[in-house]
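Structure record follows, encoded as structure tokens.
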Amino acid sequence: MKRHALTTRIWHWVNLACLVVLFMSGLNISNAHPRLYWGHWGFAPDQAWLFLPHFPGWMTIPGHYSLAGARLWHFLAAWPFVIGLLLFLVVATANGHFRRDLATRAGEWRWAAIKADVLAHLRLQFDHQGAKFNFLQKIAYGMVIFVLLPVMILTGLAMSPAMDANWPWIVDLFGGRQSARSIHFLAAWGLFGFLVLHVVLVLLSGPLRQLRDMITGGRL
Amino acid sequence: MKRRGVLAGMAALFAGGCSKVAATGPGASLLEAVEGWNRSIHNLLGRRTALAREFSPEDISPEFRGNGTTDPADAAYRHHVDTGFQFWKLTVTGLVENPLSLSLADIRAMPQRTQITRHDCVEGWSAIGQWTGTPLAHLLKQARLKPEARFIVFHCADKLAGSAYYESIDLIDAFHPQTIVAHTLNGVPLPVKNGAPLRMRIERQLGYKHAKYVQKIEAVSSLANIGKGKGGYWEDQARYQWYAGI
């Protein structure tokens, strides 16, 4: 049996490409109005809860300020991102990947077990007996797949005035369009944080084998 | 510092690659095609005729931000400001059987609609205001559209960087009950920064579609011969999407 199923590998790399374009074009969009608000409305500095820095050209797509151009890139990447996630959710439920590899067992939630797992990570020991993922991995991947990525999609849709007219429950879920915009920004940086942690842990745990297995599938 | 340099280098390379893609013919058409996908999915998922949410008076924001042109410099417009817009005319022309020329008093004597809606700027901010005006559908019914009319164009009195502002919508939006020619904001005549004396409300689309300082409403069969042909000032100048529902 392969360590990573073909569908998992395809989704992993397509999703990475989409997220990079979405993140960098999103920073360009952020430059258009670098303040965040809560609630339905907000436009003035005294209503803002956060003032954002200007993100430089090397962090953005396009590499110069262009709200119109950045929006085109953002929507272009959003389509494969959304469709890819939906397909992955269906396939990984059907082929048992989530149930077998991501679902946590009751025993893993015991405080002693969590503490032992954290300590092992701090000692850079990543062996996990039998199971494919250890507890912290399951939590991290679970948060990304079932919370952060869906939140990005829903908060993105909530910012569309046409979607708000058609499906008002989405914007209600977040307490208003400006709240949705704030959460969209926070979740995007949450995903960036995951990316950094993920890459660091790959580098610490045999990067060449990890990369090879995510391309060829590897062997269990 | 070195790691940051590597990250910056990778990001710059990636962004550079993206600009290369955008510069090619197929790359550019792919980017343009996305607007069509967005419009199609909105048509598919929900009715384009759904109503935008209407809020309660206590939700109104303390001020309504003005954006784009906030004080047209044109001498003719200044004269209208000085005379309280009593000589302002709104014409309804183009592919219509019965062209109209209306004063503000004519418009105020027509059926009115008041709605408290959220205005979303493409830049990201939102404001909530109460708008009163005549449904565009009422004007178009009086003017009687010819069968070949497919778009409604709004010609404005303001210029940005030397070009006249204009916008356009399709007939689904034109006949939508919340599409109104507004003359009143939060109970008082429209302030100049918000488009006095008349501005469009195209709820369910972004702010740049809501043309201000509207002088002429024109029914056309194609947008190709208006401005630079993309259907609006920002669409012409900077590739903003004509369909701004997202």
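FYI, nothing fancy with the structure tokens labels: chains A, B, ... in order, residues from 1 per chain, ligands from 1 as they appear.
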
**OP:** Could you give me, as a ChimeraX atom specification, each residue of segment 29-218 of chain A that DSSP assigns to strand (DSSP E or B) when run on this structure's backbone?
**Re:** /A:35-36,42,50-51

Output file for the residues above (N, CA and C atoms, as a tab-separated table (two decimals), in the first residue's frame):
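Okay, again.tsv is ready:
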```
chain	number	residue	atom	x	y	z
A	35	ARG	N	-7.23	48.20	6.70
A	35	ARG	CA	-7.82	48.26	8.05
A	35	ARG	C	-8.87	47.16	8.14
A	36	LEU	N	-9.05	46.63	9.37
A	36	LEU	CA	-10.06	45.59	9.59
A	36	LEU	C	-11.08	46.07	10.62
A	42	GLY	N	-17.92	49.29	8.27
A	42	GLY	CA	-16.71	49.89	8.80
A	42	GLY	C	-15.95	50.50	7.64
A	50	LEU	N	-7.87	46.79	13.71
A	50	LEU	CA	-6.50	46.46	13.34
A	50	LEU	C	-6.07	47.27	12.12
A	51	PHE	N	-4.90	47.88	12.21
A	51	PHE	CA	-4.29	48.57	11.07
A	51	PHE	C	-3.23	47.65	10.49
```

**OP:** Could you please select, counting only C-alpha atoms, the residues of chain A within 10 Å of chain B and state them as a PyMOL selection string?
**Re:** chain A and resi 20-21+24-25+29-37+39-44+57-64+66-69+71-79+156-168+177-178+181

**OP:** Give me the residues within 8 Å of His210 of chain B as a list of chain:residue names, counting only C-alpha atoms and dropping any in the same chain fewer than 2 places off.
**Re:** B:Glu167, B:Arg199, B:Met200, B:Arg201, B:Ile202, B:Leu206, B:Gly207, B:Tyr208, B:Lys212

Could you turn the residues from that selection into a file that holds C-alpha atoms, as a JSON list (two decimals), in the first residue's frame?
```
[["chain", "number", "residue", "atom", "x", "y", "z"],
["B", 167, "GLU", "CA", -21.38, 52.51, -15.73],
["B", 199, "ARG", "CA", -27.12, 58.33, -8.04],
["B", 200, "MET", "CA", -27.82, 54.71, -8.88],
["B", 201, "ARG", "CA", -28.27, 51.99, -6.30],
["B", 202, "ILE", "CA", -27.33, 48.64, -7.82],
["B", 206, "LEU", "CA", -19.86, 46.55, -5.59],
["B", 207, "GLY", "CA", -19.72, 50.31, -5.15],
["B", 208, "TYR", "CA", -18.18, 51.31, -8.47],
["B", 212, "LYS", "CA", -23.13, 59.07, -9.08]]
```

**OP:** Quick one: pull the distance between atom CA of Leu204 of chain A and atom CA of Ala131 of chain A, Å, one decimal.
**Re:**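 These atoms are spaced 19.4 Å apart.
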
Write out as a PDB file with C-alpha atoms, in the first residue's frame the residues lying within 7 Å of Lys193 of chain B, counting only C-alpha atoms and excluding same-chain residues fewer than 3 positions away.
```pdb
ATOM      1  CA  GLY B  66     -17.754  59.309  -0.242  1.00  0.00           C
ATOM      2  CA  THR B  70     -16.420  63.540  -4.171  1.00  0.00           C
ATOM      3  CA  ASP B  71     -16.613  67.088  -5.562  1.00  0.00           C
TER       4      ASP B  71
END
```

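Residue nearest Ala120 of chain A within the list A:Val144, A:Gly84, A:Asn134, A:Val91: A:Asn134 [criterion: smallest interatomic distance, only C-alpha atoms].
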
**OP:** Output as a ChimeraX atom specification all residues of segment 13-210 of chain B that backbone DSSP marks as alpha helix (DSSP H).
**Re:** /B:13-23,25-45,75-82,104-108,136-143,171-174

Exercise: segment 184-201 of chain A partners within 10 Å, only C-alpha atoms, chain neighbours under 6 positions left out, as a PDB file with N, CA and C atoms, in the first residue's frame:
```pdb
ATOM      1  N   LEU A  16      -1.589  23.506  -2.681  1.00  0.00           N
ATOM      2  CA  LEU A  16      -0.455  24.381  -2.350  1.00  0.00           C
ATOM      3  C   LEU A  16      -0.355  25.521  -3.366  1.00  0.00           C
ATOM      4  N   LEU A  19      -3.160  27.976  -2.845  1.00  0.00           N
ATOM      5  CA  LEU A  19      -3.023  28.781  -1.629  1.00  0.00           C
ATOM      6  C   LEU A  19      -1.952  29.851  -1.785  1.00  0.00           C
ATOM      7  N   VAL A  20      -0.867  29.526  -2.491  1.00  0.00           N
ATOM      8  CA  VAL A  20       0.193  30.523  -2.682  1.00  0.00           C
ATOM      9  C   VAL A  20      -0.346  31.701  -3.498  1.00  0.00           C
ATOM     10  N   LEU A  22      -3.535  32.536  -3.877  1.00  0.00           N
ATOM     11  CA  LEU A  22      -4.581  33.207  -3.094  1.00  0.00           C
ATOM     12  C   LEU A  22      -3.970  34.112  -2.032  1.00  0.00           C
ATOM     13  N   PHE A  23      -2.936  33.614  -1.355  1.00  0.00           N
ATOM     14  CA  PHE A  23      -2.325  34.389  -0.270  1.00  0.00           C
ATOM     15  C   PHE A  23      -1.655  35.650  -0.815  1.00  0.00           C
ATOM     16  N   GLY A  26      -4.103  38.006  -2.258  1.00  0.00           N
ATOM     17  CA  GLY A  26      -4.873  38.526  -1.125  1.00  0.00           C
ATOM     18  C   GLY A  26      -4.138  39.661  -0.424  1.00  0.00           C
ATOM     19  N   LEU A  27      -2.809  39.557  -0.304  1.00  0.00           N
ATOM     20  CA  LEU A  27      -2.054  40.649   0.328  1.00  0.00           C
ATOM     21  C   LEU A  27      -2.122  41.913  -0.531  1.00  0.00           C
ATOM     22  N   SER A  30      -5.426  43.384   0.192  1.00  0.00           N
ATOM     23  CA  SER A  30      -5.374  43.999   1.524  1.00  0.00           C
ATOM     24  C   SER A  30      -4.798  45.415   1.455  1.00  0.00           C
ATOM     25  N   LEU A  36      -9.050  46.635   9.374  1.00  0.00           N
ATOM     26  CA  LEU A  36     -10.059  45.594   9.588  1.00  0.00           C
ATOM     27  C   LEU A  36     -11.077  46.074  10.622  1.00  0.00           C
ATOM     28  N   HIS A 121       7.855  15.769  20.486  1.00  0.00           N
ATOM     29  CA  HIS A 121       8.083  16.730  19.393  1.00  0.00           C
ATOM     30  C   HIS A 121       9.221  17.674  19.734  1.00  0.00           C
ATOM     31  N   LEU A 124      12.341  16.447  19.098  1.00  0.00           N
ATOM     32  CA  LEU A 124      12.441  16.147  17.671  1.00  0.00           C
ATOM     33  C   LEU A 124      12.342  14.652  17.388  1.00  0.00           C
ATOM     34  N   PHE A 126       9.850  11.993  16.084  1.00  0.00           N
ATOM     35  CA  PHE A 126       8.563  11.986  15.388  1.00  0.00           C
ATOM     36  C   PHE A 126       8.039  10.582  15.121  1.00  0.00           C
ATOM     37  N   GLN A 137      -0.187  15.834  14.819  1.00  0.00           N
ATOM     38  CA  GLN A 137      -0.383  15.895  13.366  1.00  0.00           C
ATOM     39  C   GLN A 137      -1.865  15.841  13.012  1.00  0.00           C
ATOM     40  N   ALA A 140      -3.421  19.135  13.773  1.00  0.00           N
ATOM     41  CA  ALA A 140      -3.013  20.182  12.829  1.00  0.00           C
ATOM     42  C   ALA A 140      -3.698  19.981  11.477  1.00  0.00           C
ATOM     43  N   TYR A 141      -3.623  18.763  10.944  1.00  0.00           N
ATOM     44  CA  TYR A 141      -4.246  18.517   9.635  1.00  0.00           C
ATOM     45  C   TYR A 141      -5.770  18.678   9.726  1.00  0.00           C
ATOM     46  N   MET A 143      -7.465  20.601  11.778  1.00  0.00           N
ATOM     47  CA  MET A 143      -7.786  22.037  11.847  1.00  0.00           C
ATOM     48  C   MET A 143      -7.746  22.661  10.459  1.00  0.00           C
ATOM     49  N   VAL A 144      -6.715  22.310   9.684  1.00  0.00           N
ATOM     50  CA  VAL A 144      -6.572  22.916   8.353  1.00  0.00           C
ATOM     51  C   VAL A 144      -7.702  22.456   7.433  1.00  0.00           C
ATOM     52  N   VAL A 147     -11.433  23.118   9.373  1.00  0.00           N
ATOM     53  CA  VAL A 147     -11.765  24.428   9.927  1.00  0.00           C
ATOM     54  C   VAL A 147     -11.211  25.556   9.039  1.00  0.00           C
ATOM     55  N   LEU A 148      -9.888  25.670   8.950  1.00  0.00           N
ATOM     56  CA  LEU A 148      -9.316  26.852   8.285  1.00  0.00           C
ATOM     57  C   LEU A 148      -9.708  26.947   6.807  1.00  0.00           C
ATOM     58  N   LEU A 149      -9.559  25.842   6.058  1.00  0.00           N
ATOM     59  CA  LEU A 149      -9.869  25.928   4.618  1.00  0.00           C
ATOM     60  C   LEU A 149     -11.357  26.219   4.380  1.00  0.00           C
ATOM     61  N   PRO A 150     -12.291  25.492   5.043  1.00  0.00           N
ATOM     62  CA  PRO A 150     -13.707  25.851   4.854  1.00  0.00           C
ATOM     63  C   PRO A 150     -14.022  27.283   5.301  1.00  0.00           C
ATOM     64  N   VAL A 151     -13.373  27.748   6.386  1.00  0.00           N
ATOM     65  CA  VAL A 151     -13.621  29.121   6.842  1.00  0.00           C
ATOM     66  C   VAL A 151     -13.153  30.125   5.781  1.00  0.00           C
ATOM     67  N   MET A 152     -12.024  29.835   5.132  1.00  0.00           N
ATOM     68  CA  MET A 152     -11.565  30.728   4.054  1.00  0.00           C
ATOM     69  C   MET A 152     -12.632  30.842   2.964  1.00  0.00           C
ATOM     70  N   ILE A 153     -13.207  29.694   2.581  1.00  0.00           N
ATOM     71  CA  ILE A 153     -14.205  29.692   1.497  1.00  0.00           C
ATOM     72  C   ILE A 153     -15.453  30.445   1.932  1.00  0.00           C
ATOM     73  N   LEU A 154     -15.950  30.125   3.128  1.00  0.00           N
ATOM     74  CA  LEU A 154     -17.204  30.746   3.576  1.00  0.00           C
ATOM     75  C   LEU A 154     -17.044  32.250   3.806  1.00  0.00           C
ATOM     76  N   THR A 155     -15.932  32.664   4.422  1.00  0.00           N
ATOM     77  CA  THR A 155     -15.755  34.104   4.640  1.00  0.00           C
ATOM     78  C   THR A 155     -15.534  34.812   3.307  1.00  0.00           C
ATOM     79  N   GLY A 156     -14.899  34.119   2.355  1.00  0.00           N
ATOM     80  CA  GLY A 156     -14.737  34.703   1.018  1.00  0.00           C
ATOM     81  C   GLY A 156     -16.085  34.921   0.364  1.00  0.00           C
ATOM     82  N   ALA A 158     -18.884  35.251   1.859  1.00  0.00           N
ATOM     83  CA  ALA A 158     -19.653  36.229   2.637  1.00  0.00           C
ATOM     84  C   ALA A 158     -19.317  37.662   2.239  1.00  0.00           C
ATOM     85  N   MET A 159     -18.159  37.869   1.592  1.00  0.00           N
ATOM     86  CA  MET A 159     -17.795  39.223   1.178  1.00  0.00           C
ATOM     87  C   MET A 159     -18.435  39.602  -0.147  1.00  0.00           C
ATOM     88  N   GLN A 178     -17.994  42.772   7.452  1.00  0.00           N
ATOM     89  CA  GLN A 178     -16.673  43.212   7.895  1.00  0.00           C
ATOM     90  C   GLN A 178     -16.056  42.206   8.864  1.00  0.00           C
ATOM     91  N   PRO A 207      13.639  15.343   4.946  1.00  0.00           N
ATOM     92  CA  PRO A 207      12.928  16.098   3.908  1.00  0.00           C
ATOM     93  C   PRO A 207      12.911  15.397   2.544  1.00  0.00           C
TER      94      PRO A 207
END
```

Original post:
atom CA of Gly94 of chain B and atom CA of Pro135 of chain B, how far apart in Å?
Top reply: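 Those two atoms sit 18.6 Å apart.
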
Subject >> Distance of atom CA of Ile116 of chain B from atom CA of Leu185 of chain B, expressed in Å to one decimal place >> reply: 9.5 Å
